[in-house]
>>> print(open('final-v2.txt').read())   # compact mmCIF, C-alpha atoms
# COMPACT_ATOMS: atom_id res chain seq x y z
CA MET A 1 140.67 98.06 152.12
CA ALA A 2 143.52 99.86 150.36
CA TYR A 3 141.00 101.54 148.09
CA MET A 4 138.82 102.67 151.00
CA LEU A 5 141.79 104.00 153.00
CA THR A 6 143.06 105.88 149.93
CA THR A 7 139.62 107.40 149.34
CA ILE A 8 139.28 108.41 153.00
CA PHE A 9 142.68 110.06 153.26
CA VAL A 10 142.33 111.86 149.93
CA GLY A 11 138.95 113.14 151.14
CA LEU A 12 140.46 114.36 154.41
CA ILE A 13 143.29 116.16 152.59
CA ILE A 14 140.98 118.03 150.22
CA GLY A 15 138.54 118.85 153.05
CA ASP A 16 135.72 116.58 151.94
CA VAL A 17 133.50 116.09 155.00
CA GLN A 18 132.28 112.48 155.24
CA ASN A 19 131.05 109.97 157.78
CA ILE A 20 133.92 107.48 157.74
CA ALA A 21 132.05 104.75 159.66
CA LEU A 22 129.05 104.98 157.33
CA LEU A 23 131.34 105.02 154.29
CA LEU A 24 133.12 101.83 155.38
CA LEU A 25 129.83 100.09 156.20
CA THR A 26 128.27 101.03 152.87
CA GLN A 27 131.36 100.10 150.88
CA ILE A 28 131.71 96.66 152.46
CA LEU A 29 128.01 95.77 152.73
CA PHE A 30 126.90 96.71 149.21
CA GLY A 31 130.18 95.58 147.67
CA ALA A 32 129.86 92.11 149.20
CA LEU A 33 126.14 91.66 148.50
CA ILE A 34 126.36 92.78 144.88
CA GLY A 35 129.47 90.66 144.34
CA ILE A 36 127.66 87.55 145.57
CA LEU A 37 124.52 88.29 143.55
CA VAL A 38 126.34 89.00 140.28
CA GLY A 39 128.62 85.98 140.82
CA LYS A 40 125.70 83.59 141.26
CA VAL A 41 123.71 85.02 138.34
CA GLY A 42 126.82 85.18 136.15
CA SER A 43 127.68 81.53 136.84
CA TRP A 44 124.16 80.46 135.88
CA LEU A 45 124.22 82.63 132.75
CA ILE A 46 127.57 81.29 131.49
CA ASN A 47 126.37 77.70 131.82
CA HIS A 48 122.95 78.20 130.23
CA ILE A 49 123.59 80.65 127.41
CA LYS A 50 124.40 78.94 124.11
CA LEU A 51 127.13 80.78 122.18
CA ASP A 52 128.24 79.46 118.79
CA ILE A 53 131.79 80.81 119.19
CA ASP A 54 133.82 79.69 122.22
CA GLY A 55 135.76 82.97 122.31
CA LEU A 56 132.57 84.87 123.11
CA TYR A 57 132.48 83.32 126.58
CA SER A 58 135.51 85.37 127.61
CA ILE A 59 133.73 88.53 126.42
CA LEU A 60 130.67 87.48 128.43
CA VAL A 61 132.79 87.11 131.57
CA ILE A 62 134.33 90.57 131.00
CA GLY A 63 130.81 91.96 130.76
CA ILE A 64 129.87 90.26 134.05
CA VAL A 65 132.94 91.76 135.74
CA LEU A 66 132.15 95.28 134.48
CA LEU A 67 128.54 94.86 135.57
CA SER A 68 129.61 93.80 139.07
CA TYR A 69 131.87 96.84 139.44
CA SER A 70 129.36 99.29 137.98
CA ILE A 71 126.38 98.17 140.07
CA ALA A 72 128.46 98.32 143.25
CA ASN A 73 129.60 101.86 142.43
CA LEU A 74 126.03 102.86 141.60
CA PHE A 75 124.93 101.89 145.13
CA LYS A 76 128.05 103.47 146.72
CA GLY A 77 129.56 100.05 147.38
CA ASN A 78 133.15 98.95 146.90
CA GLY A 79 133.52 97.97 143.24
CA PHE A 80 136.84 96.21 143.82
CA LEU A 81 135.38 94.07 146.61
CA SER A 82 132.35 93.27 144.45
CA VAL A 83 134.51 92.14 141.51
CA TYR A 84 136.76 90.13 143.81
CA ILE A 85 133.84 88.18 145.29
CA THR A 86 132.28 87.72 141.85
CA GLY A 87 135.59 86.28 140.66
CA LEU A 88 135.80 83.91 143.64
CA ILE A 89 132.32 82.57 142.94
CA LEU A 90 132.94 82.15 139.20
CA GLY A 91 136.35 80.58 139.79
CA ASN A 92 134.93 77.97 142.16
CA SER A 93 131.91 77.12 140.01
CA LYS A 94 131.60 74.49 137.33
CA LEU A 95 131.67 76.56 134.14
CA VAL A 96 131.51 75.78 130.45
CA HIS A 97 134.97 76.17 128.83
CA LYS A 98 136.50 76.93 132.23
CA ASN A 99 139.97 75.78 131.24
CA SER A 100 140.20 78.15 128.27
CA LEU A 101 138.64 81.00 130.28
CA VAL A 102 141.21 80.65 133.05
CA HIS A 103 144.17 80.76 130.66
CA TYR A 104 142.67 83.69 128.75
CA PHE A 105 142.35 85.78 131.90
CA ASP A 106 145.82 84.75 133.03
CA GLY A 107 147.28 86.42 129.94
CA LEU A 108 144.93 89.39 130.28
CA SER A 109 145.93 89.99 133.90
CA TRP A 110 149.61 90.07 132.95
CA LEU A 111 148.87 92.49 130.12
CA MET A 112 147.04 94.83 132.52
CA GLN A 113 149.97 94.78 134.94
CA ILE A 114 152.37 95.61 132.11
CA LEU A 115 150.18 98.56 131.08
CA LEU A 116 150.02 99.80 134.68
CA PHE A 117 153.81 99.78 135.04
CA PHE A 118 154.06 101.49 131.66
CA THR A 119 151.69 104.18 132.97
CA LEU A 120 153.83 104.57 136.07
CA GLY A 121 156.86 105.18 133.87
CA LEU A 122 155.03 107.84 131.85
CA LEU A 123 153.91 109.74 134.97
CA VAL A 124 157.27 109.72 136.76
CA PHE A 125 159.73 112.55 136.09
CA PRO A 126 163.38 111.43 136.64
CA SER A 127 164.47 114.97 137.55
CA LYS A 128 162.17 114.91 140.61
CA LEU A 129 163.19 111.49 141.87
CA PRO A 130 166.34 112.47 143.84
CA ASN A 131 164.23 114.69 146.12
CA VAL A 132 162.15 111.74 147.35
CA ALA A 133 164.72 108.96 147.02
CA LEU A 134 165.43 108.57 150.74
CA THR A 135 161.74 108.82 151.67
CA GLY A 136 160.73 106.31 148.99
CA ILE A 137 163.41 103.77 149.85
CA GLY A 138 162.72 104.17 153.58
CA THR A 139 158.99 103.64 153.05
CA ALA A 140 159.64 100.52 150.97
CA LEU A 141 162.00 99.03 153.54
CA PHE A 142 159.53 99.76 156.35
CA ILE A 143 156.73 97.98 154.43
CA ILE A 144 158.93 94.99 153.55
CA PHE A 145 160.63 94.36 156.89
CA VAL A 146 158.23 95.83 159.49
CA ALA A 147 154.64 96.57 158.45
CA ARG A 148 153.76 93.52 156.36
CA PRO A 149 155.51 90.91 158.57
CA LEU A 150 153.81 92.40 161.64
CA VAL A 151 150.34 92.19 160.10
CA VAL A 152 150.91 88.75 158.55
CA PHE A 153 152.09 87.25 161.84
CA CYS A 154 149.17 88.81 163.74
CA VAL A 155 146.66 87.33 161.28
CA LEU A 156 148.13 83.92 160.41
CA THR A 157 148.97 83.06 164.02
CA PHE A 158 145.23 82.62 164.62
CA PHE A 159 145.14 80.06 161.78
CA LYS A 160 148.00 78.08 163.32
CA ARG A 161 150.30 78.43 160.33
CA SER A 162 153.95 77.54 160.84
CA VAL A 163 156.55 80.26 161.33
CA LYS A 164 158.19 79.33 158.02
CA GLU A 165 154.92 79.76 156.14
CA GLN A 166 154.30 83.11 157.81
CA LEU A 167 157.79 84.28 156.90
CA LEU A 168 157.25 83.41 153.24
CA VAL A 169 153.83 85.10 153.12
CA SER A 170 155.42 88.16 154.74
CA TRP A 171 158.05 88.25 152.03
CA VAL A 172 155.86 87.83 148.93
CA GLY A 173 153.82 91.01 149.38
CA PHE A 174 155.12 92.74 146.26
CA ARG A 175 154.05 96.35 145.79
CA GLY A 176 153.03 97.08 142.23
CA ALA A 177 149.81 97.24 140.24
CA ALA A 178 147.39 98.25 143.00
CA SER A 179 149.82 100.84 144.37
CA ILE A 180 150.12 102.45 140.94
CA VAL A 181 146.35 102.68 140.53
CA PHE A 182 145.83 104.24 143.95
CA ALA A 183 148.74 106.65 143.44
CA THR A 184 146.77 108.24 140.58
CA TYR A 185 143.93 109.20 142.94
CA PRO A 186 145.79 112.17 144.49
CA LEU A 187 146.72 113.27 140.95
CA THR A 188 143.11 113.29 139.76
CA ALA A 189 142.04 115.02 143.00
CA GLY A 190 144.49 117.86 142.33
CA ILE A 191 146.33 117.54 145.65
CA ALA A 192 149.42 119.74 145.88
CA VAL A 193 151.75 116.90 146.94
CA ALA A 194 150.35 114.43 144.39
CA ASP A 195 153.58 114.36 142.34
CA GLU A 196 155.64 113.66 145.44
CA ILE A 197 153.29 110.84 146.48
CA PHE A 198 153.49 109.29 143.02
CA ASN A 199 157.28 109.45 142.98
CA ILE A 200 157.42 107.78 146.40
CA VAL A 201 155.16 105.00 145.08
CA PHE A 202 157.62 104.58 142.21
CA PHE A 203 160.46 103.93 144.66
CA VAL A 204 158.31 101.58 146.75
CA ALA A 205 157.37 99.51 143.67
CA LEU A 206 160.94 99.52 142.36
CA VAL A 207 162.56 98.48 145.66
CA SER A 208 159.85 95.88 146.29
CA VAL A 209 160.36 94.19 142.92
CA MET A 210 164.14 94.32 143.14
CA ILE A 211 164.46 92.98 146.69
CA GLN A 212 161.42 90.75 147.17
CA GLY A 213 161.30 89.60 143.56
CA THR A 214 165.00 88.76 143.39
CA PHE A 215 165.14 86.79 146.63
CA PHE A 216 161.70 85.15 146.51
CA ILE A 217 162.82 81.79 145.06
CA PRO A 218 166.00 81.48 147.20
CA ILE A 219 164.02 82.24 150.36
CA ALA A 220 161.28 79.76 149.45
CA LYS A 221 163.92 77.08 148.93
CA LYS A 222 165.77 78.04 152.11
CA LEU A 223 162.55 77.67 154.10
CA LYS A 224 162.00 74.30 152.36
CA LEU A 225 158.54 75.29 151.14
CA VAL A 226 159.11 74.14 147.55
CA GLY A 227 158.69 70.50 146.59
CA GLU A 228 161.41 68.80 144.57
CA GLU A 229 159.22 68.47 141.48
CA GLU A 230 157.09 71.57 142.01
CA ALA A 231 157.25 74.59 139.77
CA VAL A 232 158.27 77.61 141.84
CA LEU A 233 156.70 80.24 139.61
CA LYS A 234 152.95 79.69 139.55
CA THR A 235 150.01 82.00 139.10
CA PHE A 236 146.47 81.82 140.42
CA THR A 237 145.48 80.34 137.06
CA ASP A 238 147.31 77.06 137.33
CA TYR A 239 144.03 75.31 136.63
CA SER A 240 144.59 72.34 134.43
CA GLY A 241 142.22 69.36 134.74
CA GLU A 242 145.15 67.08 135.17
CA ILE A 243 144.53 63.47 134.16
CA GLN A 244 145.41 60.95 136.84
CA ALA A 245 146.95 57.55 136.29
CA GLU A 246 143.71 55.61 136.83
CA LEU A 247 141.09 55.37 134.07
CA LEU A 248 137.60 53.91 133.99
CA GLU A 249 135.43 53.16 130.96
CA MET A 250 131.74 53.14 131.72
CA GLU A 251 128.55 52.80 129.69
CA ILE A 252 125.62 55.10 130.34
CA LEU A 253 122.63 52.82 130.82
CA ARG A 254 118.96 53.83 130.66
CA SER A 255 118.72 53.41 134.43
CA SER A 256 121.84 55.50 135.06
CA ASN A 257 121.37 58.78 136.93
CA MET A 258 123.84 60.35 134.48
CA ALA A 259 121.63 59.83 131.41
CA GLY A 260 120.12 63.04 130.07
CA LYS A 261 122.27 65.32 132.22
CA ALA A 262 124.90 67.87 131.21
CA ILE A 263 128.39 67.12 132.55
CA MET A 264 128.42 70.31 134.64
CA ASP A 265 125.24 69.15 136.40
CA LEU A 266 126.63 65.76 137.40
CA ASP A 267 127.26 65.14 141.06
CA ILE A 268 130.82 63.87 140.72
CA PRO A 269 133.94 65.02 142.61
CA SER A 270 135.87 67.92 141.09
CA ASN A 271 139.03 65.79 140.81
CA ILE A 272 137.29 63.31 138.49
CA LEU A 273 137.34 64.16 134.79
CA ILE A 274 135.31 62.85 131.87
CA VAL A 275 138.08 62.67 129.29
CA VAL A 276 136.27 61.44 126.19
CA ILE A 277 132.84 60.22 125.09
CA LYS A 278 132.25 57.53 122.47
CA ARG A 279 128.82 57.87 120.82
CA ASN A 280 127.67 55.91 117.76
CA GLY A 281 131.23 54.99 116.92
CA LYS A 282 132.47 58.61 117.10
CA LEU A 283 134.71 60.18 119.71
CA ILE A 284 133.46 63.41 121.30
CA THR A 285 135.60 65.82 123.30
CA PRO A 286 133.31 66.77 126.19
CA SER A 287 132.66 70.20 127.67
CA GLY A 288 130.58 71.21 130.66
CA ALA A 289 127.49 71.65 128.48
CA THR A 290 127.75 68.21 126.83
CA VAL A 291 124.66 66.11 127.62
CA LEU A 292 125.26 62.40 128.25
CA LYS A 293 122.93 60.01 126.44
CA GLU A 294 121.91 56.41 126.88
CA GLY A 295 124.45 54.10 125.25
CA ASP A 296 127.37 56.55 125.57
CA LEU A 297 130.74 55.11 126.53
CA ILE A 298 132.60 57.56 128.73
CA MET A 299 136.21 57.52 129.89
CA LEU A 300 136.78 58.92 133.38
CA ALA A 301 140.14 59.77 134.92
CA GLY A 302 141.00 60.26 138.58
CA ASP A 303 141.58 58.47 141.86
CA ASN A 304 140.91 54.73 141.57
CA LYS A 305 138.82 54.46 144.77
CA VAL A 306 136.61 57.36 143.76
CA LEU A 307 136.16 55.91 140.27
CA LEU A 308 135.02 52.59 141.73
CA GLU A 309 132.49 54.37 143.93
CA ILE A 310 131.14 56.26 140.92
CA SER A 311 130.90 53.03 138.93
CA LYS A 312 128.84 51.41 141.69
CA SER A 313 126.58 54.40 142.25
CA VAL A 314 125.44 54.74 138.62
CA LYS A 315 124.48 51.11 138.07
>>> encode(input="final-v2.txt", output="structure tokens")
Amino acid sequence: MAYMLTTIFVGLIIGDVQNIALLLLTQILFGALIGILVGKVGSWLINHIKLDIDGLYSILVIGIVLLSYSIANLFKGNGFLSVYITGLILGNSKLVHKNSLVHYFDGLSWLMQILLFFTLGLLVFPSKLPNVALTGIGTALFIIFVARPLVVFCVLTFFKRSVKEQLLVSWVGFRGAASIVFATYPLTAGIAVADEIFNIVFFVALVSVMIQGTFFIPIAKKLKLVGEEEAVLKTFTDYSGEIQAELLEMEILRSSNMAGKAIMDLDIPSNILIVVIKRNGKLITPSGATVLKEGDLIMLAGDNKVLLEISKSVK
């Protein structure tokens, strides 16, 4: 939505005549459809292509992301929306080497944010900052204390979230990477006030990080929304196939519905992990593509009740 609003307003400023309703419809419709299509096809491709080097899977995913964005742009859809939906589908699918992929893209996302802030620093001229200081700080304070809380409360009230949760969500809306990207659009469009807009964005990002970033953890603790043993600083990539306390060793019999199937194709709950496979006296570290064979001894980890149900169902 931020991308579409930026595009619309830049178009209005430079006098580009466009049908705004048709633009929004096209952007959302084609962006969503292409994102779903590429996500489904990409998930299937990752699981069925056989790559000798594990590191190539991350390159494959990057290719899928670029393809999703490019196809959406080709059909005048929203490339950002397309990539976002593709990412949601891939992230919620059973993928080969998913653990390593998640951690790889965690580091890559941080690197991209660092480069964006570095770009912001290169494009900002300190001598011009005093002229927009009051406007920039005022804009940042309005976003932090008025605009975002108002929108968050209007939306989350329908989902019956507690006031404390809504307050925290209102506070964590840091301005940064996306703002920097969109601030370059007026520059590339040659708008007369592009420098002023970019300098204002600099103040918004700076004030947001200083105020919201500094007080995020104290506010979360004050609202009692952090568990005693929970890590406060987490990213979207905190995917770890954590091993539970309960373990189950099970033999794959000829009559078992697991025999001859890849692990990723097994109909087992996502919170149950196959930790190790013993085959012909050798231990095998399983991946999603590992095919279970008759006579295999597998070690599963997870909730005890669920493990017992699995044990009964495969006999």
>>> atom_distance(input="final-v2.txt", atom1="CA of Leu292 (chain A)", atom2="CA of Ser256 (chain A)")
10.3 Å
>>> closest_residue(input="final-v2.txt", among="A:Ile28, A:Leu23, A:Ala194, A:Ile114", to="Tyr84 (chain A)", atoms="only C-alpha atoms")
A:Ile28
>>> atom_distance(input="final-v2.txt", atom1="CA of Gln166 (chain A)", atom2="CA of Phe202 (chain A)")
26.7 Å
>>> closest_residue(input="final-v2.txt", among="A:Gly302, A:Glu165, A:Asp296, A:Ile277", to="Leu253 (chain A)", atoms="all atoms listed in the file")
A:Asp296
>>> residues_near_point(input="final-v2.txt", point="(125.7, 96.4, 147.3)", cutoff="8 Å", atoms="all atoms listed in the file", output="PyMOL selection string")
chain A and resi 26-35+71-72+75-78+82
>>> write_last_selection(input="final-v2.txt", atoms="C-alpha atoms", output="PDB file, keeping the file's coordinate frame")
ATOM      1  CA  THR A  26     128.270 101.030 152.870  1.00  0.00           C
ATOM      2  CA  GLN A  27     131.360 100.100 150.880  1.00  0.00           C
ATOM      3  CA  ILE A  28     131.710  96.660 152.460  1.00  0.00           C
ATOM      4  CA  LEU A  29     128.010  95.770 152.730  1.00  0.00           C
ATOM      5  CA  PHE A  30     126.900  96.710 149.210  1.00  0.00           C
ATOM      6  CA  GLY A  31     130.180  95.580 147.670  1.00  0.00           C
ATOM      7  CA  ALA A  32     129.860  92.110 149.200  1.00  0.00           C
ATOM      8  CA  LEU A  33     126.140  91.660 148.500  1.00  0.00           C
ATOM      9  CA  ILE A  34     126.360  92.780 144.880  1.00  0.00           C
ATOM     10  CA  GLY A  35     129.470  90.660 144.340  1.00  0.00           C
ATOM     11  CA  ILE A  71     126.380  98.170 140.070  1.00  0.00           C
ATOM     12  CA  ALA A  72     128.460  98.320 143.250  1.00  0.00           C
ATOM     13  CA  PHE A  75     124.930 101.890 145.130  1.00  0.00           C
ATOM     14  CA  LYS A  76     128.050 103.470 146.720  1.00  0.00           C
ATOM     15  CA  GLY A  77     129.560 100.050 147.380  1.00  0.00           C
ATOM     16  CA  ASN A  78     133.150  98.950 146.900  1.00  0.00           C
ATOM     17  CA  SER A  82     132.350  93.270 144.450  1.00  0.00           C
TER      18      SER A  82
END
>>> atom_distance(input="final-v2.txt", atom1="CA of Phe118 (chain A)", atom2="CA of Thr139 (chain A)")
22.1 Å
>>> residues_around(input="final-v2.txt", residues="Gln113 (chain A)", least_positions_apart="6", cutoff="12 Å", atoms="only C-alpha atoms", output="PyMOL selection string")
chain A and resi 106-107+119-120+175-181
>>> closest_residue(input="final-v2.txt", among="A:Ala220, A:Val132, A:Ala189, A:Leu141", to="Thr7 (chain A)", atoms="all atoms listed in the file")
A:Ala189
>>> axis_aligned_box(input="final-v2.txt", around="region 24-34 of chain A", padding_each_side="3 Å", output="AutoDock Vina command-line options")
--center_x 129.6 --center_y 96.7 --center_z 150.5 --size_x 13.0 --size_y 16.2 --size_z 17.3
>>> residues_around(input="final-v2.txt", residues="region 60-69 of chain A", least_positions_apart="2", cutoff="10 Å", atoms="all atoms listed in the file", output="MDAnalysis selection string")
chainID A and resid 31 34:39 41:43 45:46 49 51 55:58 71:74 77:87 90 101 105
>>> write_last_selection(input="final-v2.txt", atoms="C-alpha atoms", output="CSV table (one decimal), in the coordinates of the input")
chain,number,residue,atom,x,y,z
A,31,GLY,CA,130.2,95.6,147.7
A,34,ILE,CA,126.4,92.8,144.9
A,35,GLY,CA,129.5,90.7,144.3
A,36,ILE,CA,127.7,87.6,145.6
A,37,LEU,CA,124.5,88.3,143.6
A,38,VAL,CA,126.3,89.0,140.3
A,39,GLY,CA,128.6,86.0,140.8
A,41,VAL,CA,123.7,85.0,138.3
A,42,GLY,CA,126.8,85.2,136.2
A,43,SER,CA,127.7,81.5,136.8
A,45,LEU,CA,124.2,82.6,132.8
A,46,ILE,CA,127.6,81.3,131.5
A,49,ILE,CA,123.6,80.6,127.4
A,51,LEU,CA,127.1,80.8,122.2
A,55,GLY,CA,135.8,83.0,122.3
A,56,LEU,CA,132.6,84.9,123.1
A,57,TYR,CA,132.5,83.3,126.6
A,58,SER,CA,135.5,85.4,127.6
A,71,ILE,CA,126.4,98.2,140.1
A,72,ALA,CA,128.5,98.3,143.2
A,73,ASN,CA,129.6,101.9,142.4
A,74,LEU,CA,126.0,102.9,141.6
A,77,GLY,CA,129.6,100.0,147.4
A,78,ASN,CA,133.2,99.0,146.9
A,79,GLY,CA,133.5,98.0,143.2
A,80,PHE,CA,136.8,96.2,143.8
A,81,LEU,CA,135.4,94.1,146.6
A,82,SER,CA,132.4,93.3,144.4
A,83,VAL,CA,134.5,92.1,141.5
A,84,TYR,CA,136.8,90.1,143.8
A,85,ILE,CA,133.8,88.2,145.3
A,86,THR,CA,132.3,87.7,141.8
A,87,GLY,CA,135.6,86.3,140.7
A,90,LEU,CA,132.9,82.2,139.2
A,101,LEU,CA,138.6,81.0,130.3
A,105,PHE,CA,142.4,85.8,131.9
>>> residues_around(input="final-v2.txt", residues="Val275 (chain A)", least_positions_apart="4", cutoff="8 Å", atoms="only C-alpha atoms", output="VMD selection string")
chain A and resid 285 to 286 298 to 301
>>> write_last_selection(input="final-v2.txt", atoms="C-alpha atoms", output="JSON list (two decimals), in the frame of the given file")
[["chain", "number", "residue", "atom", "x", "y", "z"],
["A", 285, "THR", "CA", 135.60, 65.82, 123.30],
["A", 286, "PRO", "CA", 133.31, 66.77, 126.19],
["A", 298, "ILE", "CA", 132.60, 57.56, 128.73],
["A", 299, "MET", "CA", 136.21, 57.52, 129.89],
["A", 300, "LEU", "CA", 136.78, 58.92, 133.38],
["A", 301, "ALA", "CA", 140.14, 59.77, 134.92]]
>>> closest_residue(input="final-v2.txt", among="A:Ala140, A:Trp171, A:Leu129, A:Lys222", to="Phe153 (chain A)", atoms="all atoms listed in the file")
A:Trp171
>>> build_atoms(input="final-v2.txt", residues="region 245-259 of chain A", atoms="N, CA and C atoms", output="mmCIF file, in the frame of the given file")
data_model
loop_
_atom_site.group_PDB
_atom_site.id
_atom_site.type_symbol
_atom_site.label_atom_id
_atom_site.label_comp_id
_atom_site.auth_asym_id
_atom_site.auth_seq_id
_atom_site.Cartn_x
_atom_site.Cartn_y
_atom_site.Cartn_z
ATOM 1 N N ALA A 245 146.463 58.789 136.883
ATOM 2 C CA ALA A 245 146.950 57.550 136.290
ATOM 3 C C ALA A 245 145.836 56.532 136.080
ATOM 4 N N GLU A 246 144.761 56.614 136.898
ATOM 5 C CA GLU A 246 143.710 55.610 136.830
ATOM 6 C C GLU A 246 142.608 56.037 135.869
ATOM 7 N N LEU A 247 142.145 55.100 135.052
ATOM 8 C CA LEU A 247 141.090 55.370 134.070
ATOM 9 C C LEU A 247 139.969 54.361 134.239
ATOM 10 N N LEU A 248 138.750 54.795 133.900
ATOM 11 C CA LEU A 248 137.600 53.910 133.990
ATOM 12 C C LEU A 248 136.692 54.152 132.782
ATOM 13 N N GLU A 249 136.379 53.068 132.067
ATOM 14 C CA GLU A 249 135.430 53.160 130.960
ATOM 15 C C GLU A 249 134.083 52.675 131.451
ATOM 16 N N MET A 250 133.051 53.459 131.177
ATOM 17 C CA MET A 250 131.740 53.140 131.720
ATOM 18 C C MET A 250 130.660 53.450 130.693
ATOM 19 N N GLU A 251 129.667 52.579 130.606
ATOM 20 C CA GLU A 251 128.550 52.800 129.690
ATOM 21 C C GLU A 251 127.392 53.454 130.430
ATOM 22 N N ILE A 252 126.776 54.431 129.767
ATOM 23 C CA ILE A 252 125.620 55.100 130.340
ATOM 24 C C ILE A 252 124.367 54.285 130.006
ATOM 25 N N LEU A 253 123.814 53.634 131.013
ATOM 26 C CA LEU A 253 122.630 52.820 130.820
ATOM 27 C C LEU A 253 121.360 53.657 130.972
ATOM 28 N N ARG A 254 120.233 53.106 130.551
ATOM 29 C CA ARG A 254 118.960 53.830 130.660
ATOM 30 C C ARG A 254 118.644 54.150 132.118
ATOM 31 N N SER A 255 119.012 53.225 133.007
ATOM 32 C CA SER A 255 118.720 53.410 134.430
ATOM 33 C C SER A 255 119.731 54.308 135.138
ATOM 34 N N SER A 256 120.789 54.691 134.443
ATOM 35 C CA SER A 256 121.840 55.500 135.060
ATOM 36 C C SER A 256 121.341 56.894 135.396
ATOM 37 N N ASN A 257 121.760 57.417 136.555
ATOM 38 C CA ASN A 257 121.370 58.780 136.930
ATOM 39 C C ASN A 257 122.171 59.846 136.182
ATOM 40 N N MET A 258 123.087 59.399 135.307
ATOM 41 C CA MET A 258 123.840 60.350 134.480
ATOM 42 C C MET A 258 123.139 60.615 133.148
ATOM 43 N N ALA A 259 122.276 59.712 132.716
ATOM 44 C CA ALA A 259 121.630 59.830 131.410
ATOM 45 C C ALA A 259 120.753 61.085 131.353
#
